[in-house]
Each structure stands twice: as C-alpha cells, then as structure tokens.
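File shown: upload-v6.cif (mmCIF, C-alpha atoms).
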```
data_data
#
loop_
_atom_site.group_PDB
_atom_site.id
_atom_site.type_symbol
_atom_site.label_atom_id
_atom_site.label_comp_id
_atom_site.auth_asym_id
_atom_site.auth_seq_id
_atom_site.Cartn_x
_atom_site.Cartn_y
_atom_site.Cartn_z
ATOM 1 C CA MET A 1 129.565 104.257 73.624
ATOM 2 C CA HIS A 2 128.870 107.490 75.502
ATOM 3 C CA LEU A 3 130.486 107.903 78.920
ATOM 4 C CA THR A 4 127.087 107.987 80.645
ATOM 5 C CA GLU A 5 126.021 104.697 79.062
ATOM 6 C CA THR A 6 129.310 103.106 80.121
ATOM 7 C CA LEU A 7 128.838 104.283 83.706
ATOM 8 C CA LEU A 8 125.290 102.923 83.808
ATOM 9 C CA LEU A 9 126.558 99.481 82.806
ATOM 10 C CA ASN A 10 128.460 99.477 86.107
ATOM 11 C CA TYR A 11 125.973 101.300 88.343
ATOM 12 C CA ASP A 12 122.203 101.360 88.817
ATOM 13 C CA GLN A 13 122.310 105.097 89.355
ATOM 14 C CA ILE A 14 124.563 108.152 89.171
ATOM 15 C CA VAL A 15 123.985 110.602 92.020
ATOM 16 C CA ILE A 16 125.277 114.180 91.920
ATOM 17 C CA TYR A 17 125.200 115.835 95.340
ATOM 18 C CA GLY A 18 125.613 119.591 95.019
ATOM 19 C CA ALA A 19 124.079 119.513 91.548
ATOM 20 C CA LYS A 20 123.514 123.268 91.323
ATOM 21 C CA GLY A 21 127.078 124.240 92.257
ATOM 22 C CA TRP A 22 129.664 125.058 89.624
ATOM 23 C CA VAL A 23 131.274 121.596 89.654
ATOM 24 C CA GLY A 24 127.919 119.840 89.933
ATOM 25 C CA ARG A 25 126.538 121.679 86.915
ATOM 26 C CA SER A 26 129.613 120.689 84.918
ATOM 27 C CA ALA A 27 129.004 117.034 85.815
ATOM 28 C CA VAL A 28 125.355 117.351 84.810
ATOM 29 C CA GLU A 29 126.266 118.841 81.425
ATOM 30 C CA LEU A 30 128.751 116.065 80.728
ATOM 31 C CA LEU A 31 126.290 113.303 81.682
ATOM 32 C CA PHE A 32 123.255 114.636 79.826
ATOM 33 C CA ASN A 33 125.050 115.812 76.684
ATOM 34 C CA GLY A 34 123.841 113.537 73.899
ATOM 35 C CA ASN A 35 121.678 111.435 76.260
ATOM 36 C CA PRO A 36 118.097 112.729 75.962
ATOM 37 C CA TYR A 37 116.416 109.377 76.646
ATOM 38 C CA LEU A 38 117.714 108.470 80.070
ATOM 39 C CA ILE A 39 115.324 106.570 82.317
ATOM 40 C CA GLU A 40 113.934 108.690 85.162
ATOM 41 C CA ASN A 41 116.257 108.844 88.179
ATOM 42 C CA GLN A 42 119.095 106.972 86.449
ATOM 43 C CA ILE A 43 120.808 110.272 87.175
ATOM 44 C CA LEU A 44 119.599 111.678 90.493
ATOM 45 C CA LEU A 45 120.416 115.303 91.278
ATOM 46 C CA ILE A 46 120.527 116.430 94.901
ATOM 47 C CA GLY A 47 120.781 119.997 96.161
ATOM 48 C CA SER A 48 119.961 122.101 99.185
ATOM 49 C CA LYS A 49 116.250 122.126 98.322
ATOM 50 C CA THR A 50 113.819 120.419 95.952
ATOM 51 C CA GLN A 51 113.283 122.295 92.673
ATOM 52 C CA SER A 52 111.640 121.463 89.366
ATOM 53 C CA ALA A 53 113.844 121.225 86.290
ATOM 54 C CA HIS A 54 112.545 124.620 85.196
ATOM 55 C CA GLU A 55 113.355 126.233 88.550
ATOM 56 C CA ALA A 56 116.800 124.639 88.728
ATOM 57 C CA HIS A 57 117.681 125.371 85.067
ATOM 58 C CA LEU A 58 118.887 121.780 84.767
ATOM 59 C CA PRO A 59 117.685 118.861 82.593
ATOM 60 C CA VAL A 60 115.829 117.111 85.430
ATOM 61 C CA LYS A 61 114.412 117.908 88.848
ATOM 62 C CA VAL A 62 116.716 118.547 91.798
ATOM 63 C CA TYR A 63 115.783 116.923 95.130
ATOM 64 C CA SER A 64 116.632 117.854 98.690
ATOM 65 C CA THR A 65 118.438 115.166 100.691
ATOM 66 C CA SER A 66 115.241 114.197 102.521
ATOM 67 C CA ASP A 67 113.177 113.984 99.318
ATOM 68 C CA ALA A 68 115.914 112.091 97.457
ATOM 69 C CA TYR A 69 116.393 109.309 99.973
ATOM 70 C CA GLY A 70 113.472 107.177 98.790
ATOM 71 C CA LEU A 71 114.658 107.476 95.176
ATOM 72 C CA LEU A 72 118.184 106.143 95.754
ATOM 73 C CA GLY A 73 119.234 102.978 93.938
ATOM 74 C CA LYS A 74 121.032 99.899 95.244
ATOM 75 C CA LYS A 75 124.354 100.266 93.384
ATOM 76 C CA ILE A 76 125.302 103.940 93.235
ATOM 77 C CA PHE A 77 128.018 106.086 91.737
ATOM 78 C CA PHE A 78 128.074 109.083 94.098
ATOM 79 C CA LEU A 79 129.764 112.358 93.166
ATOM 80 C CA ASN A 80 130.027 114.611 96.202
ATOM 81 C CA ALA A 81 130.268 118.181 94.949
ATOM 82 C CA ALA A 82 128.386 119.649 97.915
ATOM 83 C CA PHE A 83 130.289 121.999 100.185
ATOM 84 C CA LEU A 84 130.013 125.431 101.724
ATOM 85 C CA ARG A 85 132.583 127.808 100.348
ATOM 86 C CA ARG A 86 134.597 129.930 102.715
ATOM 87 C CA GLU A 87 132.664 133.020 101.584
ATOM 88 C CA LYS A 88 129.588 131.668 103.395
ATOM 89 C CA LEU A 89 131.299 132.595 106.663
ATOM 90 C CA THR A 90 130.400 136.226 106.030
ATOM 91 C CA GLY A 91 126.748 135.408 106.618
ATOM 92 C CA MET A 92 126.928 132.923 109.500
ATOM 93 C CA THR A 93 128.842 132.168 112.660
ATOM 94 C CA VAL A 94 131.700 129.657 112.672
ATOM 95 C CA LEU A 95 129.520 127.292 114.695
ATOM 96 C CA GLN A 96 126.694 127.533 112.134
ATOM 97 C CA TYR A 97 129.180 126.997 109.322
ATOM 98 C CA GLU A 98 130.671 123.921 111.007
ATOM 99 C CA LYS A 99 127.219 122.467 111.679
ATOM 100 C CA ALA A 100 126.117 122.977 108.069
ATOM 101 C CA ASN A 101 129.243 121.236 106.770
ATOM 102 C CA GLU A 102 128.745 118.451 109.293
ATOM 103 C CA ASN A 103 125.224 117.862 107.951
ATOM 104 C CA ILE A 104 126.498 117.718 104.363
ATOM 105 C CA THR A 105 129.219 115.224 105.299
ATOM 106 C CA GLN A 106 126.889 113.091 107.404
ATOM 107 C CA PHE A 107 124.504 112.583 104.487
ATOM 108 C CA GLY A 108 127.349 111.108 102.428
ATOM 109 C CA VAL A 109 128.647 108.988 105.304
ATOM 110 C CA ASN A 110 125.171 107.602 106.063
ATOM 111 C CA LEU A 111 124.677 106.683 102.430
ATOM 112 C CA ILE A 112 128.027 104.887 102.286
ATOM 113 C CA ASN A 113 127.213 103.014 105.498
ATOM 114 C CA SER A 114 123.897 101.892 103.981
ATOM 115 C CA GLY A 115 125.878 99.727 101.555
ATOM 116 C CA ARG A 116 124.417 101.332 98.436
ATOM 117 C CA VAL A 117 127.503 103.219 97.275
ATOM 118 C CA LYS A 118 129.817 101.263 94.982
ATOM 119 C CA THR A 119 131.970 104.306 94.148
ATOM 120 C CA PHE A 120 132.257 107.534 96.143
ATOM 121 C CA VAL A 121 133.990 110.499 94.509
ATOM 122 C CA ASN A 122 134.740 113.329 96.902
ATOM 123 C CA LEU A 123 135.672 116.765 95.651
ATOM 124 C CA SER A 124 137.791 118.242 98.409
ATOM 125 C CA SER A 125 140.108 121.250 98.496
ATOM 126 C CA GLY A 126 143.823 121.941 98.477
ATOM 127 C CA VAL A 127 143.438 123.540 101.901
ATOM 128 C CA ALA A 128 143.101 120.015 103.311
ATOM 129 C CA ASN A 129 146.895 119.830 102.989
ATOM 130 C CA GLN A 130 147.130 122.260 105.916
ATOM 131 C CA GLY A 131 146.824 119.637 108.604
ATOM 132 C CA LYS A 132 146.290 116.038 109.577
ATOM 133 C CA ILE A 133 143.385 114.619 111.513
ATOM 134 C CA GLU A 134 145.511 113.989 114.617
ATOM 135 C CA ASP A 135 146.248 117.724 114.971
ATOM 136 C CA ILE A 136 142.873 118.968 113.737
ATOM 137 C CA GLU A 137 142.395 121.285 116.710
ATOM 138 C CA ASP A 138 145.441 123.251 115.556
ATOM 139 C CA VAL A 139 143.738 124.102 112.254
ATOM 140 C CA THR A 140 142.239 127.572 112.663
ATOM 141 C CA ASP A 141 140.615 127.968 109.232
ATOM 142 C CA PRO A 142 137.028 126.600 109.512
ATOM 143 C CA TYR A 143 136.954 125.776 105.781
ATOM 144 C CA ALA A 144 140.196 123.785 105.934
ATOM 145 C CA LYS A 145 139.094 122.081 109.146
ATOM 146 C CA ALA A 146 135.788 120.988 107.579
ATOM 147 C CA LYS A 147 137.608 119.569 104.556
ATOM 148 C CA ILE A 148 140.123 117.609 106.646
ATOM 149 C CA ILE A 149 137.367 116.124 108.803
ATOM 150 C CA SER A 150 135.132 115.192 105.861
ATOM 151 C CA GLU A 151 138.006 113.519 103.981
ATOM 152 C CA SER A 152 138.766 111.377 107.031
ATOM 153 C CA LEU A 153 135.121 110.422 107.616
ATOM 154 C CA TYR A 154 134.550 109.448 103.974
ATOM 155 C CA GLU A 155 137.732 107.367 103.941
ATOM 156 C CA THR A 156 136.761 105.528 107.133
ATOM 157 C CA ALA A 157 133.245 104.828 105.850
ATOM 158 C CA CYS A 158 134.401 103.586 102.422
ATOM 159 C CA ASN A 159 137.090 101.364 103.966
ATOM 160 C CA SER A 160 134.575 99.811 106.336
ATOM 161 C CA ILE A 161 132.439 98.416 103.503
ATOM 162 C CA ASN A 162 135.092 98.242 100.757
ATOM 163 C CA SER A 163 133.605 100.945 98.536
ATOM 164 C CA GLN A 164 135.831 102.576 95.944
ATOM 165 C CA LEU A 165 136.940 106.040 97.097
ATOM 166 C CA ILE A 166 138.339 108.732 94.836
ATOM 167 C CA ASN A 167 139.328 111.875 96.723
ATOM 168 C CA CYS A 168 140.284 114.833 94.545
ATOM 169 C CA ARG A 169 141.646 118.038 96.025
ATOM 170 C CA ILE A 170 140.768 121.082 93.942
ATOM 171 C CA TYR A 171 143.238 123.965 93.681
ATOM 172 C CA SER A 172 142.256 126.490 91.020
ATOM 173 C CA MET A 173 139.235 125.971 88.788
ATOM 174 C CA SER A 174 137.870 127.607 85.683
ATOM 175 C CA GLY A 175 134.856 127.073 83.465
ATOM 176 C CA LYS A 176 131.571 128.293 82.078
ATOM 177 C CA TYR A 177 129.611 127.699 85.291
ATOM 178 C CA ILE A 178 131.693 129.992 87.470
ATOM 179 C CA ASN A 179 129.224 132.851 87.314
ATOM 180 C CA GLU A 180 130.176 135.193 90.125
ATOM 181 C CA PHE A 181 133.093 137.484 90.799
ATOM 182 C CA ASN A 182 135.080 136.133 93.727
ATOM 183 C CA ASN A 183 138.590 135.850 95.099
ATOM 184 C CA LEU A 184 139.733 133.138 92.710
ATOM 185 C CA ALA A 185 142.527 134.681 90.659
ATOM 186 C CA LEU A 186 141.133 133.878 87.217
ATOM 187 C CA THR A 187 137.636 135.235 87.828
ATOM 188 C CA SER A 188 139.022 138.152 89.797
ATOM 189 C CA PHE A 189 141.353 139.124 86.935
ATOM 190 C CA LEU A 190 138.560 138.791 84.395
ATOM 191 C CA ALA A 191 136.271 140.914 86.566
ATOM 192 C CA GLN A 192 138.925 143.613 86.868
ATOM 193 C CA GLY A 193 139.649 143.507 83.151
ATOM 194 C CA MET A 194 136.060 143.572 81.967
ATOM 195 C CA LYS A 195 134.268 145.513 84.695
ATOM 196 C CA GLU A 196 136.737 147.622 86.625
ATOM 197 C CA LYS A 197 138.402 150.116 84.291
ATOM 198 C CA HIS A 198 140.455 147.366 82.633
ATOM 199 C CA LEU A 199 143.231 147.506 85.242
ATOM 200 C CA ILE A 200 144.310 144.057 86.482
ATOM 201 C CA LYS A 201 146.186 144.377 89.771
ATOM 202 C CA VAL A 202 148.559 141.504 90.545
ATOM 203 C CA SER A 203 150.066 141.572 94.023
ATOM 204 C CA SER A 204 151.965 138.242 93.836
ATOM 205 C CA PRO A 205 152.947 137.801 90.185
ATOM 206 C CA SER A 206 155.327 134.871 90.742
ATOM 207 C CA THR A 207 152.909 132.732 92.739
ATOM 208 C CA LEU A 208 152.140 129.501 90.915
ATOM 209 C CA ARG A 209 148.630 128.134 90.374
ATOM 210 C CA SER A 210 147.483 125.047 88.489
ATOM 211 C CA TYR A 211 144.238 125.603 86.578
ATOM 212 C CA VAL A 212 141.840 122.959 85.313
ATOM 213 C CA ASP A 213 138.479 123.381 83.594
ATOM 214 C CA SER A 214 135.584 122.026 85.686
ATOM 215 C CA ILE A 215 134.148 119.879 82.869
ATOM 216 C CA ASP A 216 137.594 118.431 82.163
ATOM 217 C CA LEU A 217 137.925 117.614 85.864
ATOM 218 C CA VAL A 218 134.654 115.705 86.177
ATOM 219 C CA ASN A 219 135.390 113.920 82.882
ATOM 220 C CA VAL A 220 138.658 112.625 84.363
ATOM 221 C CA LEU A 221 136.958 111.571 87.608
ATOM 222 C CA PHE A 222 134.142 109.688 85.854
ATOM 223 C CA ARG A 223 136.611 107.798 83.672
ATOM 224 C CA LEU A 224 138.938 107.173 86.588
ATOM 225 C CA ALA A 225 136.094 105.587 88.558
ATOM 226 C CA LEU A 226 135.625 102.959 85.851
ATOM 227 C CA GLN A 227 139.095 101.599 86.647
ATOM 228 C CA GLY A 228 137.791 100.399 90.002
ATOM 229 C CA SER A 229 140.719 101.428 92.215
ATOM 230 C CA ASP A 230 140.969 103.944 95.054
ATOM 231 C CA PHE A 231 142.753 107.203 94.261
ATOM 232 C CA ASN A 232 143.810 110.293 96.141
ATOM 233 C CA LEU A 233 144.897 113.002 93.736
ATOM 234 C CA ASP A 234 145.328 116.724 93.291
ATOM 235 C CA SER A 235 143.553 118.542 90.475
ATOM 236 C CA GLY A 236 146.153 119.651 87.970
ATOM 237 C CA GLY A 237 145.819 121.321 84.618
ATOM 238 C CA GLU A 238 148.150 124.010 83.395
ATOM 239 C CA LEU A 239 150.628 125.392 85.908
ATOM 240 C CA ILE A 240 151.044 129.127 85.496
ATOM 241 C CA SER A 241 152.204 132.123 87.527
ATOM 242 C CA LEU A 242 149.631 134.751 88.420
ATOM 243 C CA GLY A 243 151.580 137.307 86.428
ATOM 244 C CA ASP A 244 151.445 135.153 83.309
ATOM 245 C CA LEU A 245 147.761 134.433 83.926
ATOM 246 C CA ALA A 246 147.033 138.161 84.034
ATOM 247 C CA GLU A 247 148.833 138.589 80.723
ATOM 248 C CA VAL A 248 146.692 135.847 79.163
ATOM 249 C CA VAL A 249 143.578 137.652 80.402
ATOM 250 C CA CYS A 250 144.862 140.785 78.697
ATOM 251 C CA SER A 251 145.279 138.880 75.441
ATOM 252 C CA VAL A 252 141.559 138.051 75.615
ATOM 253 C CA ASP A 253 140.500 141.562 76.665
ATOM 254 C CA GLU A 254 142.492 143.955 74.489
ATOM 255 C CA ASN A 255 141.514 146.960 76.629
ATOM 256 C CA ALA A 256 143.000 145.498 79.817
ATOM 257 C CA ARG A 257 146.486 146.035 81.170
ATOM 258 C CA VAL A 258 148.347 144.602 84.149
ATOM 259 C CA VAL A 259 149.544 146.650 87.125
ATOM 260 C CA TYR A 260 152.408 144.956 88.964
ATOM 261 C CA PRO A 261 153.822 145.796 92.407
ATOM 262 C CA GLU A 262 157.198 147.511 92.500
ATOM 263 C CA VAL A 263 158.759 144.698 94.547
ATOM 264 C CA PHE A 264 158.512 141.139 93.191
ATOM 265 C CA GLU A 265 158.322 138.357 95.742
ATOM 266 C CA LYS A 266 159.993 134.983 95.416
ATOM 267 C CA SER A 267 157.607 132.318 94.209
ATOM 268 C CA PRO A 268 156.467 129.922 96.952
ATOM 269 C CA ASP A 269 156.582 126.201 96.276
ATOM 270 C CA TYR A 270 153.535 124.769 94.555
ATOM 271 C CA PHE A 271 152.415 121.967 96.874
ATOM 272 C CA GLY A 272 149.884 120.255 94.596
ATOM 273 C CA ASP A 273 151.223 117.379 92.486
ATOM 274 C CA TYR A 274 149.585 118.544 89.274
ATOM 275 C CA LYS A 275 151.614 116.181 87.070
ATOM 276 C CA ILE A 276 149.832 113.086 88.440
ATOM 277 C CA PHE A 277 146.442 114.516 87.481
ATOM 278 C CA ASN A 278 147.652 115.527 84.026
ATOM 279 C CA GLU A 279 149.118 112.073 83.407
ATOM 280 C CA PHE A 280 145.817 110.482 84.443
ATOM 281 C CA ALA A 281 143.917 112.778 82.092
ATOM 282 C CA LYS A 282 146.184 111.867 79.184
ATOM 283 C CA SER A 283 145.991 108.127 79.895
ATOM 284 C CA LEU A 284 142.187 108.340 80.069
ATOM 285 C CA GLY A 285 141.916 110.169 76.751
ATOM 286 C CA VAL A 286 140.753 113.480 78.239
ATOM 287 C CA PRO A 287 142.311 116.465 76.424
ATOM 288 C CA LEU A 288 142.704 119.218 79.027
ATOM 289 C CA LYS A 289 141.999 122.771 77.893
ATOM 290 C CA ASN A 290 145.046 125.014 77.910
ATOM 291 C CA ILE A 291 144.979 128.213 79.937
ATOM 292 C CA LYS A 292 143.936 130.462 77.046
ATOM 293 C CA GLU A 293 140.960 128.194 76.276
ATOM 294 C CA GLN A 294 140.036 128.227 79.981
ATOM 295 C CA VAL A 295 140.193 132.036 80.099
ATOM 296 C CA LEU A 296 138.016 132.324 76.983
ATOM 297 C CA GLU A 297 135.444 129.827 78.327
ATOM 298 C CA THR A 298 135.224 131.535 81.716
ATOM 299 C CA SER A 299 135.101 135.036 80.246
ATOM 300 C CA LYS A 300 131.993 134.086 78.227
ATOM 301 C CA ALA A 301 130.233 133.213 81.501
ATOM 302 C CA LEU A 302 131.196 136.525 83.089
ATOM 303 C CA LEU A 303 130.112 138.771 80.224
#
```
Serialized structure, structure tokens:
Amino acid sequence: MHLTETLLLNYDQIVIYGAKGWVGRSAVELLFNGNPYLIENQILLIGSKTQSAHEAHLPVKVYSTSDAYGLLGKKIFFLNAAFLRREKLTGMTVLQYEKANENITQFGVNLINSGRVKTFVNLSSGVANQGKIEDIEDVTDPYAKAKIISESLYETACNSINSQLINCRIYSMSGKYINEFNNLALTSFLAQGMKEKHLIKVSSPSTLRSYVDSIDLVNVLFRLALQGSDFNLDSGGELISLGDLAEVVCSVDENARVVYPEVFEKSPDYFGDYKIFNEFAKSLGVPLKNIKEQVLETSKALL
C-alpha cells in the first residue's frame, strides 16, 4: 500500500502548510506520486495566498489560510513547513518579521486548539538550540527567537489536547526543489562551481554539516507519524566537512576547483544528533541518499 493511502487510513485529511516552499513541495511530490485519483481536499495545500494548480505549479490548488479554514477536516495530519527564512529580514523590519512569524505560528496553534489535529509535525531549525524559552529575551537573532517561541507554543498546544507532536530541527538540506542560490553551503558551492568561474571558496573547511535530502526527510516524518508517539529529533543524513563537500561538488562539476584558506581552523563540535535521525530512517525503511546523490540531485535544479 502506498504511503499516502496508509496515512489516509489514519486521518481524514493531510494538510501541508507552506506547500510552495522547498520542503512543502517535497512533501507534495511524495504524497501525489502514484496517487492520481485522490478525493478532492484529502490533501489540502495551504500557502501565503490562494492560487490555482496551474499558477502554483502543483497537482492541486493552493489555498490561503483564510480560504482553507472552511475546507479543513475533523481528523487532520498537519505538516507545518511554513516559515520565513532569515533572508526575509533584508526586506522588512525586525518587528514586521516577528509579526509575520507570529501570524504563521498562531494559525497552527489555533488549529491545534480546535481539536482537529491528530498529528502535528513541525519543521523547525537547528538555530532553536541557541536558547531556551526562559531566557528568550537574551536571544538576539530574530530567526532563532521565532523558532524557539513557535516550538514552545506548538508543544503547549499539543500537550493541552493530547495531540501527537513531532518536532524536527533542520540543519542542512539538499534537494531538487532548492531553486535559488543562497548561503547554504551546498547550494553556494554549486553556484560558485557552475556560475562563478568554477572557483569554490571554502573559508571553514573543517566545519561539520549533516546533509539530508528534503524528500527523504518528509518520507521519514510521514512514516514516523504512523507510530503514534511524540518525537523531538534533529535532521541527520550524511555528516561531512565543508572541505569534503566542496570536493564532492568538484567531482560533479569537472571544471570546478576548491580554493582553501591558508590557515585551517579547528572543527567546532557538531551539536545536532544526526545518528538518531539516521537510525529512525533505517528502521522505517527509508534509504537516505548519500552526499554525492544529494549533490547531483540539487545540481540538476540549479542548472
């Protein structure tokens, strides 16, 4: 039986919030792959605004939060992949950024409090490790602060009505739906290799990152939800130094070469427990892509 069919035996509806983001699109691909005859709104996609399937370039229509509310089922699997990335701060004030994140979080909290959500999966960020809720005012990074607050609010709401909560902190992601050049090391290295004279500059070659493909990640989370228990885990994948990652990128792009700094720094501790995620993936029958496969998949999206 397909994963989607199995999920719909346990839930009236699967809701993807943030459906047009890179993680949301991965979830949509996994759910719709091989399932062309789903009943309307068995999978409900929610984004920042209502768009037809054609406009959204997705299998079904995407609804804004206000338009989606009347379409919500009674027993929901809710995947929260909606968040404002730190880069959004370049176009708004900190206050505007905080308010926008507050609105995103409040939609999820209100839905949980309505009693409709059987399982709530929250995609958070590794930056949430920077502080605890009791010293939140000491957290100066608006992105980290928003993540810490939202994690706490979702946990409180789920505990109050005994909904299953899976909170997954993302560290470094890869995949076919990452379609912009940004400050993530993998996409940055690929951009340098393919678009910027084939010179990949690595300033911290010994720094460790754990990479996981976005479709692999949502596959693990969907299957994990079927076990019915709460989980708080870090996204894992393949742990690799940035220097080694750059060399893998060069093996994909034969014209690229790596430029290292003259002084090598000591590698900082990797604070994500990637082994737990990898063990879950293996126990759930999800084969994680290795780093070369992830580089190849992501490079196709950036070409």
Padding 5 Å on each side, edges along x, y and z: where is the centre of the box around the listed atoms of segment 293-296 of chain A, and how long are its edges in Å to one decimal? Output it as lines of an AutoDock Vina configuration file.
```
center_x = 139.5
center_y = 130.3
center_z = 78.2
size_x = 12.9
size_y = 14.1
size_z = 13.8
```
Which residues would end up in the selection if the PyMOL selection byres ((chain A and resi 238) around 8) were applied here, given that I need the answer as a compact mmCIF listing (two decimals) with C-alpha atoms, keeping the file's coordinate frame?
```txt
# COMPACT_ATOMS: atom_id res chain seq x y z
CA SER A 210 147.48 125.05 88.49
CA TYR A 211 144.24 125.60 86.58
CA VAL A 212 141.84 122.96 85.31
CA GLY A 236 146.15 119.65 87.97
CA GLY A 237 145.82 121.32 84.62
CA LEU A 239 150.63 125.39 85.91
CA ILE A 240 151.04 129.13 85.50
CA ASN A 290 145.05 125.01 77.91
CA ILE A 291 144.98 128.21 79.94
```
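What the PyMOL selection byres ((chain A and resi 103) around 12) grabs from this file is Ser48, Thr65, Ser66, Ala82, Phe83, Leu84, Gln96, Tyr97, Glu98, Lys99, Ala100, Asn101, Glu102, Ile104, Thr105, Gln106, Phe107, Gly108, Val109, Asn110, Ala146 and Ser150 of chain A.
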Find the residues near segment 272-283 of chain A: any atom within 8 Å, counting only C-alpha atoms, skip ones fewer than 3 places away on the same chain, and give them as a tab-separated table (two decimals) with C-alpha atoms, in the coordinates of the input.
```tsv
chain	number	residue	atom	x	y	z
A	126	GLY	CA	143.82	121.94	98.48
A	171	TYR	CA	143.24	123.96	93.68
A	210	SER	CA	147.48	125.05	88.49
A	220	VAL	CA	138.66	112.62	84.36
A	224	LEU	CA	138.94	107.17	86.59
A	233	LEU	CA	144.90	113.00	93.74
A	234	ASP	CA	145.33	116.72	93.29
A	235	SER	CA	143.55	118.54	90.48
A	236	GLY	CA	146.15	119.65	87.97
A	237	GLY	CA	145.82	121.32	84.62
A	239	LEU	CA	150.63	125.39	85.91
A	286	VAL	CA	140.75	113.48	78.24
A	287	PRO	CA	142.31	116.46	76.42
A	288	LEU	CA	142.70	119.22	79.03
```
Exercise for review: Apply the PyMOL selection byres ((chain A and resi 148) around 10) to the file shown and report the selected residues as a PyMOL selection string.
Suggested key: chain A and resi 124-133+136+139+142-147+149-153
Point to revise | Near-segment 38-47 of chain A list (8 Å; all atoms listed in the file; drop same-chain fewer than 3 positions) as number ranges by chain | key: A: 8, 12-20, 35, 50, 60-65, 68, 71-72, 82
Exercise for review: Go through A:Leu30, A:Leu165, A:Ala191, A:Met92 one by one, measure the shortest atom-to-atom distance of each to Lys118 of chain A using only C-alpha atoms, and give the residue with the smallest value.
Suggested key: A:Leu165
Point to revise | d(atom CA of Ile166 of chain A, atom CA of Gly34 of chain A) in Å | key: 25.9 Å
Review point. What is the distance between atom CA of Val248 of chain A and atom CA of Arg169 of chain A, in Å to one decimal?
Key: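 Between atom CA of Val248 of chain A and atom CA of Arg169 of chain A the gap is 25.0 Å.
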Practice item. Take the point (132.4, 99.8, 97.8) in the file's coordinates, draw a sphere of radius 10 Å around it, and report as a list in words every protein, DNA or RNA residue with an atom inside or on it, counting all atoms listed in the file. Key: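 Within 10 Å of (132.4, 99.8, 97.8), the protein and nucleic acid residues are Lys75, Ile76, Phe77, Ile112, Asn113, Gly115, Arg116, Val117, Lys118, Thr119, Phe120, Ala157, Cys158, Asn159, Ser160, Ile161, Asn162, Ser163, Gln164, Leu165, Gly228 and Asp230 of chain A.
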Dump C-alpha atoms for the selected residues as a PDB file, in the frame of the given file?
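To be explicit, this is the file written out as again.pdb:
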```
ATOM      1  CA  LYS A  75     124.354 100.266  93.384  1.00  0.00           C
ATOM      2  CA  ILE A  76     125.302 103.940  93.235  1.00  0.00           C
ATOM      3  CA  PHE A  77     128.018 106.086  91.737  1.00  0.00           C
ATOM      4  CA  ILE A 112     128.027 104.887 102.286  1.00  0.00           C
ATOM      5  CA  ASN A 113     127.213 103.014 105.498  1.00  0.00           C
ATOM      6  CA  GLY A 115     125.878  99.727 101.555  1.00  0.00           C
ATOM      7  CA  ARG A 116     124.417 101.332  98.436  1.00  0.00           C
ATOM      8  CA  VAL A 117     127.503 103.219  97.275  1.00  0.00           C
ATOM      9  CA  LYS A 118     129.817 101.263  94.982  1.00  0.00           C
ATOM     10  CA  THR A 119     131.970 104.306  94.148  1.00  0.00           C
ATOM     11  CA  PHE A 120     132.257 107.534  96.143  1.00  0.00           C
ATOM     12  CA  ALA A 157     133.245 104.828 105.850  1.00  0.00           C
ATOM     13  CA  CYS A 158     134.401 103.586 102.422  1.00  0.00           C
ATOM     14  CA  ASN A 159     137.090 101.364 103.966  1.00  0.00           C
ATOM     15  CA  SER A 160     134.575  99.811 106.336  1.00  0.00           C
ATOM     16  CA  ILE A 161     132.439  98.416 103.503  1.00  0.00           C
ATOM     17  CA  ASN A 162     135.092  98.242 100.757  1.00  0.00           C
ATOM     18  CA  SER A 163     133.605 100.945  98.536  1.00  0.00           C
ATOM     19  CA  GLN A 164     135.831 102.576  95.944  1.00  0.00           C
ATOM     20  CA  LEU A 165     136.940 106.040  97.097  1.00  0.00           C
ATOM     21  CA  GLY A 228     137.791 100.399  90.002  1.00  0.00           C
ATOM     22  CA  ASP A 230     140.969 103.944  95.054  1.00  0.00           C
TER      23      ASP A 230
END
```
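Here atom CA of Lys195 of chain A and atom CA of Gly21 of chain A stand 23.7 Å from one another.
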Review point. Restricting the calculation to all atoms listed in the file, which member of A:Val121, A:Ala301, A:Leu3, A:Ala27 is positioned closest to Tyr177 of chain A?
Key: A:Ala301
**Study point:** Contact residues around Glu29 of chain A with only C-alpha atoms at 9 Å, ignoring same-chain residues under 5 positions, as JSON, numbers by chain
**Key:** {"A": [24, 58, 59, 215]}
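Between Glu247 of chain A and the residues A:Thr4, A:Val202, A:Lys300, A:Glu293, the shortest atom-to-atom distance, using all atoms listed in the file, involves A:Val202.
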**Study point:** Residue among A:Ser204, A:Leu284, A:Gln227, A:Leu221 lying closest to Tyr260 of chain A, counting only C-alpha atoms
**Key:**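 So, comparing all the options, the nearest one is A:Ser204.
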Practice item. Using all atoms listed in the file, pick whichever of A:Phe78, A:Phe231, A:Phe189, A:Phe32 has the shortest atom-to-atom distance to Ala256 of chain A. Key: A:Phe189
Check your understanding: Which of these, A:Leu7, A:Leu217, A:Leu226, A:Leu199, has the shortest distance to Glu254 of chain A once you count only C-alpha atoms?
Key ->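 For Glu254 of chain A, the nearest of the candidates is A:Leu199.
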Where atoms are lacking, segment 120-130 of chain A completed to N, CA and C atoms, as a short mmCIF file (atom, residue, chain, number, x, y, z; two decimals), in the coordinates of the input:
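Saved to rebuild_14.cif:
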```cif
data_model
loop_
_atom_site.label_atom_id
_atom_site.label_comp_id
_atom_site.auth_asym_id
_atom_site.auth_seq_id
_atom_site.Cartn_x
_atom_site.Cartn_y
_atom_site.Cartn_z
N PHE A 120 132.48 106.22 95.54
CA PHE A 120 132.26 107.53 96.14
C PHE A 120 133.38 108.46 95.68
N VAL A 121 133.01 109.51 94.96
CA VAL A 121 133.99 110.50 94.51
C VAL A 121 133.79 111.76 95.33
N ASN A 122 134.82 112.15 96.05
CA ASN A 122 134.74 113.33 96.90
C ASN A 122 135.59 114.45 96.33
N LEU A 123 134.94 115.58 96.08
CA LEU A 123 135.67 116.76 95.65
C LEU A 123 136.02 117.57 96.89
N SER A 124 137.31 117.56 97.22
CA SER A 124 137.79 118.24 98.41
C SER A 124 138.49 119.53 97.99
N SER A 125 139.41 119.99 98.78
CA SER A 125 140.11 121.25 98.50
C SER A 125 141.58 121.14 98.87
N GLY A 126 142.39 121.91 98.17
CA GLY A 126 143.82 121.94 98.48
C GLY A 126 144.13 122.38 99.90
N VAL A 127 143.19 123.10 100.52
CA VAL A 127 143.44 123.54 101.90
C VAL A 127 143.52 122.37 102.86
N ALA A 128 143.03 121.19 102.44
CA ALA A 128 143.10 120.02 103.31
C ALA A 128 144.55 119.57 103.54
N ASN A 129 145.47 120.11 102.77
CA ASN A 129 146.90 119.83 102.99
C ASN A 129 147.44 120.56 104.21
N GLN A 130 146.64 121.43 104.81
CA GLN A 130 147.13 122.26 105.92
C GLN A 130 147.27 121.51 107.23
#
```
